[in-house]
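Text of target39.txt (compact mmCIF, C-alpha atoms) as supplied:
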# COMPACT_ATOMS: atom_id res chain seq x y z
CA MET A 1 297.26 176.72 318.91
CA LYS A 2 299.03 177.67 315.70
CA GLY A 3 299.60 174.02 314.94
CA LEU A 4 295.85 173.56 314.57
CA MET A 5 295.51 176.33 312.07
CA VAL A 6 295.68 175.84 308.32
CA MET A 7 296.91 178.67 306.17
CA GLU A 8 294.87 179.00 302.99
CA THR A 9 298.02 180.05 301.09
CA GLU A 10 299.36 176.54 301.65
CA LEU A 11 296.22 174.91 300.35
CA LYS A 12 295.82 173.57 296.85
CA TYR A 13 292.68 174.39 294.93
CA THR A 14 290.07 171.69 295.43
CA SER A 15 286.55 170.97 294.24
CA ALA A 16 285.72 169.37 297.61
CA LEU A 17 282.80 171.71 298.27
CA THR A 18 280.73 169.84 295.69
CA GLY A 19 280.36 167.15 298.36
CA ALA A 20 280.33 169.25 301.50
CA ALA A 21 278.52 172.61 301.23
CA PHE A 22 277.63 174.52 304.45
CA MET A 23 276.69 171.50 306.62
CA PHE A 24 276.27 173.47 309.85
CA TYR A 25 274.31 170.76 311.69
CA GLU A 26 277.03 168.23 310.88
CA PHE A 27 279.76 170.72 311.80
CA LYS A 28 278.23 171.25 315.24
CA GLN A 29 277.82 167.50 315.88
CA VAL A 30 281.49 166.87 315.07
CA ALA A 31 282.56 169.81 317.26
CA ILE A 32 280.67 168.25 320.18
CA LEU A 33 282.36 164.88 319.63
CA LYS A 34 285.79 166.49 319.25
CA GLU A 35 285.35 168.48 322.46
CA ALA A 36 284.27 165.26 324.22
CA GLY A 37 287.75 163.92 323.46
CA LEU A 38 287.04 161.54 320.58
CA SER A 39 289.73 161.02 317.96
CA ASP A 40 289.03 161.53 314.26
CA THR A 41 288.86 157.76 313.80
CA GLU A 42 286.37 157.41 316.67
CA ILE A 43 284.29 160.30 315.29
CA ARG A 44 284.15 158.71 311.83
CA LYS A 45 283.01 155.39 313.30
CA LYS A 46 280.38 156.93 315.56
CA VAL A 47 278.98 159.22 312.86
CA ILE A 48 278.69 156.38 310.34
CA ASP A 49 277.53 153.62 312.74
CA GLU A 50 274.86 155.82 314.33
CA ASN A 51 274.14 157.97 311.26
CA LEU A 52 274.51 161.06 313.44
CA PHE A 53 274.13 163.34 310.42
CA GLN A 54 270.74 161.76 309.65
CA HIS A 55 271.56 161.42 305.96
CA GLU A 56 269.39 159.11 303.89
CA LYS A 57 272.42 157.90 301.95
CA ILE A 58 275.54 156.65 303.72
CA SER A 59 277.52 157.57 300.59
CA SER A 60 276.67 161.26 301.02
CA LEU A 61 277.54 161.06 304.73
CA LYS A 62 280.92 159.49 303.97
CA ARG A 63 281.61 162.06 301.25
CA GLY A 64 280.96 165.10 303.44
CA LEU A 65 282.44 163.88 306.73
CA PRO A 66 286.18 164.32 305.94
CA TYR A 67 285.64 167.98 305.06
CA VAL A 68 283.53 168.67 308.14
CA LEU A 69 286.23 167.04 310.27
CA ARG A 70 288.84 169.21 308.61
CA ARG A 71 286.87 172.36 309.43
CA VAL A 72 286.47 171.38 313.08
CA ASN A 73 290.17 170.51 313.29
CA ALA A 74 290.98 174.04 312.07
CA LEU A 75 289.36 175.46 315.20
CA ASP A 76 290.96 175.95 318.59
CA GLU A 77 289.18 175.04 321.82
CA THR A 78 287.73 178.52 322.28
CA LEU A 79 286.05 178.49 318.86
CA ARG A 80 284.82 174.91 319.30
CA ASN A 81 283.19 175.85 322.60
CA MET A 82 281.49 178.83 320.96
CA VAL A 83 280.05 176.53 318.29
CA ILE A 84 278.72 174.17 320.94
CA GLU A 85 277.51 176.62 323.58
CA ASP A 86 276.55 179.81 321.75
CA SER A 87 273.71 180.65 319.38
CA ASN A 88 273.42 179.13 315.91
CA GLU A 89 274.24 182.57 314.48
CA VAL A 90 277.62 182.50 316.24
CA GLY A 91 278.19 178.88 315.22
CA LYS A 92 277.36 179.58 311.59
CA THR A 93 279.81 182.46 311.49
CA ILE A 94 282.55 180.18 312.83
CA ASN A 95 281.57 177.53 310.27
CA LEU A 96 281.92 180.13 307.50
CA TYR A 97 285.35 181.05 308.88
CA ALA A 98 286.34 177.35 308.96
CA ILE A 99 285.23 176.87 305.34
CA MET A 100 287.37 179.83 304.26
CA LYS A 101 290.23 178.58 306.42
CA THR A 102 290.26 175.15 304.78
CA ASN A 103 289.14 175.93 301.22
CA ARG A 104 291.35 178.27 299.22
CA LEU A 105 288.89 178.71 296.34
CA PHE A 106 286.02 179.73 298.59
CA TYR A 107 288.23 182.13 300.55
CA GLU A 108 289.29 183.80 297.31
CA PHE A 109 285.65 184.00 296.20
CA MET A 110 284.78 185.77 299.45
CA GLU A 111 287.78 188.10 299.15
CA GLU A 112 287.63 188.88 295.43
CA VAL A 113 283.86 188.96 294.89
CA ILE A 114 281.86 189.43 298.10
CA TYR A 115 284.32 191.65 300.00
CA GLU A 116 284.87 193.82 296.93
CA LYS A 117 281.13 194.28 296.52
CA PHE A 118 280.72 195.30 300.16
CA GLN A 119 283.57 197.78 299.78
CA LEU A 120 281.68 199.39 296.90
CA ASN A 121 278.33 199.20 298.72
CA ASN A 122 277.14 196.92 295.93
CA TYR A 123 274.63 194.47 297.43
CA SER A 124 273.83 192.48 294.33
CA LEU A 125 275.38 189.14 293.33
CA GLU A 126 274.71 188.20 289.74
CA LYS A 127 275.37 185.02 287.79
CA LYS A 128 277.93 186.92 285.74
CA ASP A 129 279.92 187.57 288.94
CA LEU A 130 280.24 183.83 289.53
CA ASN A 131 280.99 183.18 285.87
CA THR A 132 283.70 185.84 285.79
CA PHE A 133 285.31 184.56 289.00
CA PHE A 134 285.49 180.94 287.86
CA THR A 135 286.63 181.87 284.34
CA MET A 136 289.45 183.91 285.85
CA LYS A 137 290.50 181.06 288.14
CA MET A 138 290.49 178.61 285.23
CA GLU A 139 292.77 180.96 283.31
CA GLN A 140 295.09 181.39 286.30
CA ASN A 141 295.37 177.77 287.43
CA GLU A 142 295.90 174.71 285.27
CA ASN A 143 294.43 172.40 287.89
CA ILE A 144 291.11 174.29 287.92
CA ALA A 145 291.20 174.44 284.11
CA LYS A 146 291.03 170.62 284.06
CA TRP A 147 287.81 170.47 286.07
CA THR A 148 284.73 169.43 284.13
CA GLU A 149 281.97 171.84 283.20
CA GLU A 150 279.68 169.93 285.57
CA THR A 151 282.10 170.40 288.49
CA ILE A 152 282.32 174.15 287.85
CA LYS A 153 278.53 174.35 287.62
CA LYS A 154 278.18 172.54 290.98
CA LEU A 155 280.76 174.80 292.61
CA LYS A 156 278.94 177.93 291.45
CA HIS A 157 275.77 176.54 293.01
CA VAL A 158 277.50 175.52 296.27
CA HIS A 159 279.26 178.86 296.68
CA SER A 160 275.89 180.61 296.34
CA LYS A 161 274.18 178.09 298.63
CA ILE A 162 276.76 178.65 301.39
CA LEU A 163 276.01 182.37 301.29
CA ILE A 164 272.26 181.65 301.43
CA ASP A 165 272.67 179.28 304.39
CA MET A 166 274.83 181.91 306.11
CA GLY A 167 272.20 184.60 305.57
CA MET A 168 274.48 186.68 303.35
CA LEU A 169 272.45 186.06 300.19
CA LYS A 170 268.65 186.18 300.06
CA ASN A 171 268.46 183.87 297.04
CA MET A 172 270.09 183.58 293.64
CA LYS A 173 267.01 184.89 291.85
CA SER A 174 267.12 188.25 293.61
CA GLY A 175 270.88 188.21 294.14
CA GLU A 176 270.40 190.44 297.19
CA LEU A 177 273.43 190.43 299.50
CA ASN A 178 273.38 191.22 303.23
CA ARG A 179 276.18 192.04 305.60
CA ILE A 180 276.25 189.90 308.71
CA ILE A 181 277.07 191.26 312.14
CA MET A 182 279.86 189.21 313.66
CA ASP A 183 279.74 188.54 317.39
CA GLU A 184 282.35 190.73 319.11
CA ARG A 185 283.89 187.76 320.93
CA VAL A 186 284.40 185.87 317.68
CA LYS A 187 285.80 188.99 316.02
CA ASN A 188 288.19 189.67 318.89
CA HIS A 189 289.33 186.06 319.14
CA LEU A 190 290.06 185.77 315.41
CA THR A 191 292.02 189.00 315.63
CA ASP A 192 293.95 187.73 318.66
CA ILE A 193 295.02 184.53 316.85
CA GLY A 194 296.14 186.43 313.75
CA ASP A 195 293.13 185.71 311.55
CA SER A 196 291.69 189.21 311.29
CA LYS A 197 291.71 188.98 307.49
CA TYR A 198 288.79 186.57 307.69
CA VAL A 199 286.88 189.12 309.74
CA HIS A 200 287.46 191.74 307.05
CA VAL A 201 286.51 189.41 304.19
CA ILE A 202 283.17 188.64 305.85
CA GLY A 203 282.48 192.32 305.57
CA GLU A 204 283.18 193.72 309.02
Output the file's structure as structure tokens, nothing else.
Amino acid sequence: MKGLMVMETELKYTSALTGAAFMFYEFKQVAILKEAGLSDTEIRKKVIDENLFQHEKISSLKRGLPYVLRRVNALDETLRNMVIEDSNEVGKTINLYAIMKTNRLFYEFMEEVIYEKFQLNNYSLEKKDLNTFFTMKMEQNENIAKWTEETIKKLKHVHSKILIDMGMLKNMKSGELNRIIMDERVKNHLTDIGDSKYVHVIGE
């Protein structure tokens, strides 16, 4: 099981979320194919040949697919089955976990911005919070410092959009944050496999 898991501390910072976002529908489709026994190569072919994601542009499908595959590959069989068989609320929570698990920058955003706000009972996300976070990361990491202004702008939007799609942010205009209630089975399983820190970061 541990071989499937990706430690965020080993991950390099990446701007991959500009082409991936939340993509829950796509995430669930890939989980179904993976659980059916298809290899990554077979999944790529099937998704593209049959346009399983129902994207208008094949280019956008091809751009997002590798990151969705990576998220699904970060799950063990128990979590994959929950995505497939349980409610969308459960599946979305696992998708959020998988995004954090495979994207260091987003995990740190959740830990350093959202978790900190919940700890202080501050339920308001402002543009300045995003600006401060990304400015700090650019100062701390030379790779991030090289990203274009447009890339940073897209990432700010995508980070907010993921929270909106997850139900943790009403919209950027209001900036109203909400805690989500994690299913006990998901919470217990993540704790059992040594990933309780993701449970805490989500706000539980």
Hey, can you check how far atom CA of A:Leu79 sits from atom CA of A:Ile94?
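Atom CA of A:Leu79 sits 7.2 Å away from atom CA of A:Ile94.
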For atom CA of A:Asn171 and atom CA of A:Ala21, the interatomic separation in Å (one decimal):
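Between atom CA of A:Asn171 and atom CA of A:Ala21 the gap works out to 15.7 Å.
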Between atom CA of A:Ile99 and atom CA of A:Arg71, measure the distance and give it in Å to one decimal.
6.3 Å
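Each of A:Val90, A:Glu116, A:Glu139, A:Ser196 was checked against A:Ile181 using only C-alpha atoms; the smallest atom-to-atom distance is that of A:Val90.
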Determine, counting all atoms listed in the file, which protein, DNA and RNA residues have an atom within 8 Å of an atom of A:Ile114; residues of the same chain fewer than 5 positions away are not included. Present the result as a list in words.
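Skipping anything fewer than 5 positions along the chain leaves Phe109, Val201 and Ile202 of chain A.
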Would you mind exporting C-alpha atoms of the selected residues as a compact mmCIF listing (two decimals), in the coordinates of the input?
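part-v3.txt written:
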# COMPACT_ATOMS: atom_id res chain seq x y z
CA PHE A 109 285.65 184.00 296.20
CA VAL A 201 286.51 189.41 304.19
CA ILE A 202 283.17 188.64 305.85
Hey, what's within 12 Å of A:Met136 if we count only C-alpha atoms and toss same-chain stuff fewer than 3 positions away? As an MDAnalysis selection string, please?
chainID A and resid 105 108:109 112:113 128:133 139:142 144:145
Incomplete stretch 147-158 of chain A filled out to all heavy atoms as a compact mmCIF listing (two decimals), keeping the file's coordinate frame:
# COMPACT_ATOMS: atom_id res chain seq x y z
N TRP A 147 289.08 170.90 285.50
CA TRP A 147 287.81 170.47 286.07
C TRP A 147 286.73 170.46 284.99
O TRP A 147 286.74 171.29 284.08
CB TRP A 147 287.38 171.38 287.22
CG TRP A 147 288.28 171.30 288.42
CD1 TRP A 147 289.26 170.38 288.65
CD2 TRP A 147 288.29 172.19 289.54
NE1 TRP A 147 289.87 170.62 289.87
CE2 TRP A 147 289.30 171.72 290.43
CE3 TRP A 147 287.54 173.31 289.89
CZ2 TRP A 147 289.58 172.36 291.63
CZ3 TRP A 147 287.82 173.94 291.09
CH2 TRP A 147 288.82 173.47 291.95
N THR A 148 285.79 169.53 285.13
CA THR A 148 284.73 169.43 284.13
C THR A 148 283.74 170.59 284.26
O THR A 148 283.66 171.26 285.29
CB THR A 148 283.94 168.12 284.30
OG1 THR A 148 283.25 168.14 285.56
CG2 THR A 148 284.86 166.90 284.25
N GLU A 149 283.00 170.79 283.20
CA GLU A 149 281.97 171.84 283.20
C GLU A 149 280.95 171.58 284.30
O GLU A 149 280.45 172.51 284.94
CB GLU A 149 281.29 171.87 281.83
CG GLU A 149 280.33 173.02 281.63
CD GLU A 149 279.76 173.07 280.24
OE1 GLU A 149 280.46 172.67 279.29
OE2 GLU A 149 278.59 173.49 280.09
N GLU A 150 280.64 170.30 284.53
CA GLU A 150 279.68 169.93 285.57
C GLU A 150 280.21 170.28 286.96
O GLU A 150 279.46 170.75 287.82
CB GLU A 150 279.38 168.42 285.49
CG GLU A 150 278.33 167.93 286.47
CD GLU A 150 276.95 168.55 286.25
OE1 GLU A 150 276.66 168.98 285.12
OE2 GLU A 150 276.16 168.59 287.22
N THR A 151 281.49 170.06 287.20
CA THR A 151 282.10 170.40 288.49
C THR A 151 282.04 171.91 288.73
O THR A 151 281.67 172.35 289.82
CB THR A 151 283.57 169.93 288.53
OG1 THR A 151 283.60 168.50 288.49
CG2 THR A 151 284.26 170.40 289.81
N ILE A 152 282.38 172.69 287.73
CA ILE A 152 282.32 174.15 287.85
C ILE A 152 280.89 174.61 288.12
O ILE A 152 280.66 175.48 288.97
CB ILE A 152 282.87 174.83 286.57
CG1 ILE A 152 284.34 174.50 286.37
CG2 ILE A 152 282.65 176.34 286.63
CD1 ILE A 152 285.27 175.06 287.42
N LYS A 153 279.95 174.00 287.43
CA LYS A 153 278.53 174.35 287.62
C LYS A 153 278.10 174.06 289.06
O LYS A 153 277.42 174.87 289.70
CB LYS A 153 277.67 173.54 286.65
CG LYS A 153 276.18 173.85 286.73
CD LYS A 153 275.40 173.02 285.72
CE LYS A 153 273.91 173.28 285.82
NZ LYS A 153 273.14 172.43 284.86
N LYS A 154 278.51 172.90 289.59
CA LYS A 154 278.18 172.54 290.98
C LYS A 154 278.81 173.51 291.96
O LYS A 154 278.19 173.90 292.95
CB LYS A 154 278.64 171.11 291.27
CG LYS A 154 277.76 170.03 290.68
CD LYS A 154 278.29 168.65 291.07
CE LYS A 154 277.43 167.54 290.48
NZ LYS A 154 277.98 166.20 290.82
N LEU A 155 280.06 173.88 291.71
CA LEU A 155 280.76 174.80 292.61
C LEU A 155 280.10 176.18 292.64
O LEU A 155 280.00 176.80 293.70
CB LEU A 155 282.23 174.91 292.22
CG LEU A 155 283.11 173.72 292.60
CD1 LEU A 155 284.49 173.83 291.96
CD2 LEU A 155 283.23 173.59 294.12
N LYS A 156 279.66 176.65 291.49
CA LYS A 156 278.94 177.93 291.45
C LYS A 156 277.69 177.85 292.33
O LYS A 156 277.39 178.77 293.10
CB LYS A 156 278.54 178.28 290.02
CG LYS A 156 279.70 178.66 289.12
CD LYS A 156 279.21 178.89 287.69
CE LYS A 156 280.36 179.18 286.75
NZ LYS A 156 279.90 179.32 285.34
N HIS A 157 276.98 176.73 292.21
CA HIS A 157 275.77 176.54 293.01
C HIS A 157 276.10 176.47 294.51
O HIS A 157 275.44 177.11 295.33
CB HIS A 157 275.06 175.25 292.57
CG HIS A 157 273.91 174.86 293.45
ND1 HIS A 157 272.69 175.51 293.42
CD2 HIS A 157 273.80 173.91 294.43
CE1 HIS A 157 271.88 174.98 294.31
NE2 HIS A 157 272.52 174.01 294.93
N VAL A 158 277.14 175.70 294.86
CA VAL A 158 277.50 175.52 296.27
C VAL A 158 278.00 176.83 296.88
O VAL A 158 277.65 177.15 298.03
CB VAL A 158 278.56 174.41 296.43
CG1 VAL A 158 279.10 174.38 297.85
CG2 VAL A 158 277.95 173.05 296.08
